[in-house]
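**Q** One structure coming up, written as structure tokens, with questions to follow.
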Number of protein chains: 2
Amino acid sequence: MAGPLPVSPLAPKGGFPDLPVIDGVRFATIAAGVKYQGRTDVMLAELSPGTTIAGTFTRSKTRAAPVLDCQEKLGGPSDGAAAILVNSGNSNAFTGIKGVEAVQALTATVASTINVPAARVFTSSTGVIGQPLPYERITRVISDLGNSLKADGIADAAKAIMTTDTFPKGAAQTVEIDGKTVSIAGIAKGSGMIAPDMATMLVYIFTDAKVGFDDLQPLVSGLCNGTFNCITVDSDTSTSDTLLVAATGASGVDVAGNGRFAAALFDVMNDLAKQVVRDGEGATKFVTVSVNGATSDADAKQVAMAIANSPLVKTAIAGEDANWGRVVMAVGKSGAEADRDRLSIWFGKVEVARNGQVADGYDEAAATEHMKGDEVYIGVDLGIGEGKSTVYTCDLTAQYIAINADYRS
Amino acid sequence: MAGPLPVSPLAPKGGFPDLPVIDGVRFATIAAGVKYQGRTDVMLAELSPGTTIAGTFTRSKTRAAPVLDCQEKLGGPSDGAAAILVNSGNSNAFTGIKGVEAVQALTATVASTINVPAARVFTSSTGVIGQPLPYERITRVISDLGNSLKADGIADAAKAIMTTDTFPKGAAQTVEIDGKTVSIAGIAKGSGMIAPDMATMLVYIFTDAKVGFDDLQPLVSGLCNGTFNCITVDSDTSTSDTLLVAATGASGVDVAGNGRFAAALFDVMNDLAKQVVRDGEGATKFVTVSVNGATSDADAKQVAMAIANSPLVKTAIAGEDANWGRVVMAVGKSGAEADRDRLSIWFGKVEVARNGQVADGYDEAAATEHMKGDEVYIGVDLGIGEGKSTVYTCDLTAQYIAINADYRS
């Protein structure tokens with residue numbers, strides 16, 4: 001890389017948030033030199049005995065070895081302690097049997113060093129694809145990691161999992177249940193890129209809530225559909241995307257079926273998902289695409305994603321051009337049911353098209369003014385049903401091309 | 001637009017080809033000032049009585065008024081003369097009832113002026129979307145067009161239908177059947193863009209072969225699947241894409257079911273389709289993506305299109321980076337059946353990956369050398385079946401962003 005990338009103009013104004021300590025979780029980070037020297041690139045989270053771990057993963061057919069290992073381990077016995085080990089610099093993807101061996105070596109070393117069952121050690125890797133992971137660079141520092149675990153280390157952990165993210169991502173919520181406080185804190189890395197690497201989204205959320213796997217997993221899967229599965233930067237899907245939610249139970253508050261806990265967890269996931277978009281490669285605009293009036297929610301999402309992934313829509317937004325013709329085009333190509341002559345479109349609060357043609361009294365100056373802001377809203381009413389969906393994306397700029405084509409490792 | 005775009009570096013070296021005169025077809029062009037002054041923007045083709053016309057059109061759900069009109073007219077009686085009228089500068093798309101009125105005014109004027117049944121007048125429009133077509137600028141010049149029709153006007157016609165294409169596109173074949181010569185000549189416009197307009201692909205092919213609609217239409221539809229439906233510039237689909245094939249019968253050679261005619265027509269369509277890719281916005285590389293070993297041809301095409309449309313694959317090609325990890329990623333996200341550990345990949349003749357990991361003796365220098373050429377070949381063997389597909393695309397460069405974001409009308 002030719003020097004560090006500038007921090008995204010869409011980064012949260014207040015910097016990294018003050019995350020609460022989650023009882024039952026300790027963190028350590030270290031510079032292991034997986035790919036680059038002199039930057040922290042490994043984080044270890046230790047989870048107290050009885051912690052429930054749920055998760056969701058990339059649906060790619062070419063999933064990386066650590067993803068397959070995590071998927072196998074979910075839902076196993078939760079009585080022992082647990083651990084999450086994450087490295088950046090190498091994704092251990094498309095590495096065949098060597099990839100499996102690397103995961104086994106890492107999990108075995110963590111298990112023996114901090115006394116956790118190997119079946120409860122979850123690993124993620126992000127970075128270059130197709131090169132065997134030099135896992136001995138990591139195994140040799142596990143004992144150092146084990147010796148430096150601390151309860152207030154989550155901000156350092158957020159930094160250790162970054163690749164070319166331009167800011168670390170964190171979010172938290174606390175919720176009062178039965179007179180006690182339940183805390184949720186999460187970190188994420190987004191679609192940074194180191195040529196010739198690929199983007200990976202990694203998310204780790206910790207809570208002291210008490211909840212079993214059979215209650216936590218469906219909640220996490222459901223909320224994931226409404227948060228992380230509703231964002232897109234460039235329509236490309238990583239082989240390594242991983243979300244893990246760890247509930248230590250240390251608060252003693254049983255949250256199974258609790259709506260307020262679900263809402264708080266949603267808020268944390270939604271916040272992190274939007275931060276990933278805000279750090280989309282080359283992004284200068286945060287874009288909300290809201291579709292209603294579809295024949296089903298699935299159709300609405302198909303239309304919303306077709307708009308959010310359209311290179312022509314995204315470049316128009318980058319150019320601050322109220323180009324609603326490209327929105328019409330994206331609706332038309334989405335494959336979802338649509339009727340050209342019932343379609344209406346808004347940019348911000350400005351109605352630009354109604355029932356298949358330009359709206360009466362359409363104010364192009366007002367629409368253009370909306371496009372100049374750093375938050376763009378595109379509303380679409382298909383006018384043929386009750387289905388609705390909202391997705392989040394960013395614009396497509398020359399900086400995206402520069403990051404992914406011009407910069408070479 | 002800030003001045004004309006430079007001619008694509010991928011333009012055919014020999015310039016516009018010498019197209020044969022097709023007996024039964026005459027062309028005229030004119031500068032009608034539909035959007036810009038002083039450039040030819042309307043072309044009229046007059047077709048002799050008995051000409052068979054077949055076609056295929058965009059599958060968009062928000063198709064433009066002239067597309068819907070063409071679709072209705074296909075397959076009607078073919079005893080009268082016929083005409084094709086095309087304008088650039090305004091696509092007459094998303095214009096409601098005004099769009100239908102414009103098509104009716106244009107077809108009625110052509111019909112009465114050059115004595116052709118209105119049901120045999122086909123129109124296309126390409127350019128800005130959502131603005132009513134100022135059709136009276138065209139109707140008032142129809143008699144001038146009718147008075148200047150000539151048999152050797154196809155090269156001028158190829159220029160009149162351009163928007164921001166950087167070169168006119170033509171292709172021809174002749175084939176000897178039963179001792180007589182059958183000629184085929186076609187023109188196309190590709191994915192040029194005038195902000196805030198959208199790309200439209202328009203293709204018109206003329207032949208003096210004798211063939212009825214019931215034989216010509218299935219041939220055209222079938223060949224379209226293997227040619228124009230196998231190209232992609234940016235995954236966005238126009239509301240106006242139109243392909244019309246007109247067979248005048250003037251050669252007297254009946255080509256129904258003739259394999260050599262079908263092969264020659266394929267060659268013309270394939271040539272024009274590749275020229276459209278060669279003029280893809282900002283393109284610097286012509287890319288062939290060939291997938292085999294899939295469980296079906298449909299799955300192979302799904303994988304090939306996922307690779308060809310991936311922004312990360314396309315930016316890597318722009319950067320001349322032999323980044324096969326991004327190809328793995330695109331295979332994984334395609335949704336088609338795949339087995340990571342049977343997947344093999346080639347860049348040019350260089351095998352980069354075999355059975356889910358880097359190939360033994362992989363020569364990165366040789367792969368990088370291949371990427372530096374202006375023709376890039378990506379081969380993928382999924383290793384799980386007999387399905388295969390080849391698609392064509394171009395790279396994604398900063399110039400694409402400039403054309404679609406920075407340049408403003």
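How things are named: the first chain in the structure tokens is A, the next is B, and so on; residues count from 1 in each chain; ligands count from 1 in the order shown.
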Among region 166-378 of chain B, which ones does DSSP place in helix (DSSP H, G or I), written as a VMD selection string?
**A** chain B and resid 213 to 226 228 to 230 259 to 278 297 to 309 311 to 318 324 to 333 340 to 342 364 to 372
**Q** Which polymer residues have any atom within 8 Å of an atom of Leu133 (chain B), counting only C-alpha atoms, with same-chain residues fewer than 2 positions away left out, as a PDB file with all heavy atoms, in the first residue's frame?
**A**
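Just written: result.pdb:
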```pdb
ATOM      1  N   ASN B  90     -32.753  11.082 -26.646  1.00  0.00           N
ATOM      2  CA  ASN B  90     -33.885  10.967 -25.721  1.00  0.00           C
ATOM      3  C   ASN B  90     -34.442   9.553 -25.867  1.00  0.00           C
ATOM      4  O   ASN B  90     -34.728   9.114 -26.979  1.00  0.00           O
ATOM      5  CB  ASN B  90     -34.965  12.016 -26.048  1.00  0.00           C
ATOM      6  CG  ASN B  90     -36.121  11.992 -25.054  1.00  0.00           C
ATOM      7  OD1 ASN B  90     -36.691  10.944 -24.765  1.00  0.00           O
ATOM      8  ND2 ASN B  90     -36.464  13.163 -24.524  1.00  0.00           N
ATOM      9  N   SER B  91     -34.571   8.831 -24.743  1.00  0.00           N
ATOM     10  CA  SER B  91     -34.954   7.418 -24.814  1.00  0.00           C
ATOM     11  C   SER B  91     -36.459   7.198 -24.778  1.00  0.00           C
ATOM     12  O   SER B  91     -36.915   6.064 -24.885  1.00  0.00           O
ATOM     13  CB  SER B  91     -34.316   6.634 -23.666  1.00  0.00           C
ATOM     14  OG  SER B  91     -34.931   6.991 -22.450  1.00  0.00           O
ATOM     15  N   ASN B  92     -37.247   8.270 -24.581  1.00  0.00           N
ATOM     16  CA  ASN B  92     -38.702   8.119 -24.482  1.00  0.00           C
ATOM     17  C   ASN B  92     -39.064   6.986 -23.509  1.00  0.00           C
ATOM     18  O   ASN B  92     -39.981   6.210 -23.749  1.00  0.00           O
ATOM     19  CB  ASN B  92     -39.319   7.866 -25.864  1.00  0.00           C
ATOM     20  CG  ASN B  92     -40.842   7.999 -25.864  1.00  0.00           C
ATOM     21  OD1 ASN B  92     -41.420   8.574 -24.938  1.00  0.00           O
ATOM     22  ND2 ASN B  92     -41.492   7.440 -26.874  1.00  0.00           N
ATOM     23  N   GLY B  99     -45.338   9.089 -23.809  1.00  0.00           N
ATOM     24  CA  GLY B  99     -44.420   8.227 -24.542  1.00  0.00           C
ATOM     25  C   GLY B  99     -45.147   7.439 -25.621  1.00  0.00           C
ATOM     26  O   GLY B  99     -44.645   7.288 -26.749  1.00  0.00           O
ATOM     27  N   ALA B 102     -46.021   9.753 -28.487  1.00  0.00           N
ATOM     28  CA  ALA B 102     -44.850  10.054 -29.317  1.00  0.00           C
ATOM     29  C   ALA B 102     -44.600   8.931 -30.315  1.00  0.00           C
ATOM     30  O   ALA B 102     -44.350   9.176 -31.498  1.00  0.00           O
ATOM     31  CB  ALA B 102     -43.620  10.269 -28.433  1.00  0.00           C
ATOM     32  N   GLN B 131     -37.798  12.328 -19.704  1.00  0.00           N
ATOM     33  CA  GLN B 131     -38.215  13.596 -20.305  1.00  0.00           C
ATOM     34  C   GLN B 131     -39.046  13.284 -21.544  1.00  0.00           C
ATOM     35  O   GLN B 131     -38.630  12.473 -22.366  1.00  0.00           O
ATOM     36  CB  GLN B 131     -36.999  14.436 -20.696  1.00  0.00           C
ATOM     37  CG  GLN B 131     -36.197  14.914 -19.492  1.00  0.00           C
ATOM     38  CD  GLN B 131     -34.993  15.754 -19.900  1.00  0.00           C
ATOM     39  OE1 GLN B 131     -34.826  16.090 -21.064  1.00  0.00           O
ATOM     40  NE2 GLN B 131     -34.165  16.069 -18.920  1.00  0.00           N
ATOM     41  N   TYR B 135     -41.057  14.921 -30.086  1.00  0.00           N
ATOM     42  CA  TYR B 135     -41.139  14.129 -31.328  1.00  0.00           C
ATOM     43  C   TYR B 135     -41.379  14.973 -32.566  1.00  0.00           C
ATOM     44  O   TYR B 135     -41.072  14.565 -33.673  1.00  0.00           O
ATOM     45  CB  TYR B 135     -42.207  13.035 -31.200  1.00  0.00           C
ATOM     46  CG  TYR B 135     -43.599  13.526 -30.976  1.00  0.00           C
ATOM     47  CD1 TYR B 135     -44.380  13.935 -32.040  1.00  0.00           C
ATOM     48  CD2 TYR B 135     -44.145  13.561 -29.699  1.00  0.00           C
ATOM     49  CE1 TYR B 135     -45.679  14.396 -31.830  1.00  0.00           C
ATOM     50  CE2 TYR B 135     -45.424  14.026 -29.481  1.00  0.00           C
ATOM     51  CZ  TYR B 135     -46.191  14.436 -30.543  1.00  0.00           C
ATOM     52  OH  TYR B 135     -47.459  14.891 -30.331  1.00  0.00           O
TER      53      TYR B 135
END
```
**Q** Mind checking which residues fall within 8 Å of region 56-70 of chain A, counting only C-alpha atoms, ignoring those fewer than 2 positions away in the same chain, and posting them as a VMD selection string?
**A** (chain A and resid 54 72 to 74 91 to 95 99 to 100 103 122 to 125 220 to 221 224 237 to 244) or (chain B and resid 328 to 329 331 to 335 337 to 340)
**Q** Write down as a ChimeraX atom specification the residues belonging to region 28-162 of chain B that are assigned strand (DSSP E) by DSSP computed on the backbone.
**A** /B:28-30,42-47,52-57,82-90,121-128
**Q** Given only C-alpha atoms as the basis, pick out the residue of B:Ala336, B:Val34, B:Val358, B:Ile231 nearest to Asp299 (chain B).
**A**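 Using only C-alpha atoms, the shortest distance to Asp299 (chain B) belongs to B:Ala336.
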**Q** Near region 143-153 of chain B, within 6 Å and counting only C-alpha atoms, which residues show up once chain neighbours fewer than 3 positions away are dropped, as a PyMOL selection string?
**A** chain B and resi 21+26-28+156
**Q** Go ahead and dump the residues you just picked, N, CA, C and O atoms, as a PDB file, in the first residue's frame.
**A**
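What landed in again.pdb:
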```
ATOM      1  N   VAL B  21     -23.755  -3.833 -49.502  1.00  0.00           N
ATOM      2  CA  VAL B  21     -25.117  -3.319 -49.687  1.00  0.00           C
ATOM      3  C   VAL B  21     -26.080  -4.500 -49.613  1.00  0.00           C
ATOM      4  O   VAL B  21     -25.828  -5.556 -50.200  1.00  0.00           O
ATOM      5  N   ARG B  26     -32.718   0.562 -47.738  1.00  0.00           N
ATOM      6  CA  ARG B  26     -32.149   1.885 -47.991  1.00  0.00           C
ATOM      7  C   ARG B  26     -32.130   2.680 -46.682  1.00  0.00           C
ATOM      8  O   ARG B  26     -33.010   2.520 -45.831  1.00  0.00           O
ATOM      9  N   PHE B  27     -31.123   3.526 -46.544  1.00  0.00           N
ATOM     10  CA  PHE B  27     -30.930   4.272 -45.296  1.00  0.00           C
ATOM     11  C   PHE B  27     -30.900   5.770 -45.552  1.00  0.00           C
ATOM     12  O   PHE B  27     -30.468   6.219 -46.608  1.00  0.00           O
ATOM     13  N   ALA B  28     -31.312   6.526 -44.524  1.00  0.00           N
ATOM     14  CA  ALA B  28     -31.115   7.980 -44.540  1.00  0.00           C
ATOM     15  C   ALA B  28     -30.855   8.437 -43.110  1.00  0.00           C
ATOM     16  O   ALA B  28     -31.339   7.827 -42.151  1.00  0.00           O
ATOM     17  N   ASP B 156     -23.327   5.654 -42.366  1.00  0.00           N
ATOM     18  CA  ASP B 156     -23.886   6.856 -41.748  1.00  0.00           C
ATOM     19  C   ASP B 156     -24.913   6.496 -40.681  1.00  0.00           C
ATOM     20  O   ASP B 156     -24.993   7.144 -39.633  1.00  0.00           O
TER      21      ASP B 156
END
```
**Q** Rank B:Ala316, B:Ile138, B:Ile345, B:Val352 by their smallest atom-to-atom distance to chain A, using only C-alpha atoms, and report the top residue only.
**A**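 Between B:Ala316, B:Ile138, B:Ile345, B:Val352, the residue approaching chain A most closely is B:Ala316.
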**Q** Report, in Å with one decimal, the straight-line distance from CA of Thr207 (chain A) to CA of Ala171 (chain A).
**A**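 Going from CA of Thr207 (chain A) over to CA of Ala171 (chain A), I get 11.9 Å.
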**Q** So how many Å separate CA of Ala367 (chain B) and CA of Val128 (chain A), to one decimal?
**A**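 Those two atoms sit 17.4 Å apart.
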**Q** Go ahead and compute the interatomic distance for CA of Ala118 (chain B) and CA of Ala247 (chain B), in Å to one decimal.
**A**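 We find that CA of Ala118 (chain B) and CA of Ala247 (chain B) lie 18.6 Å from each other.
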**Q** Given the choices A:Gly252, A:Gly356, A:Pro134, A:Gly190, which gets closest to Gly89 (chain A) if the distance is worked out from only C-alpha atoms?
**A**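 Closest candidate: A:Pro134.
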**Q** With only C-alpha atoms as the basis for distance, which of A:Asp374, A:Asp360, A:Glu369, A:Asp341 is at the shortest distance from chain B?
**A**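 That would be A:Asp341, the residue with the smallest distance to chain B.
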**Q** Pick out the residues sitting within 8 Å of Thr29 (chain B), and hand them over as a list in words; count only C-alpha atoms, and ignore anything fewer than 5 positions along from it in its own chain.
**A** Thr40, Asp41, Val42, Met43, Leu44, Leu145, Asp156, Ala157 and Ala160 of chain B
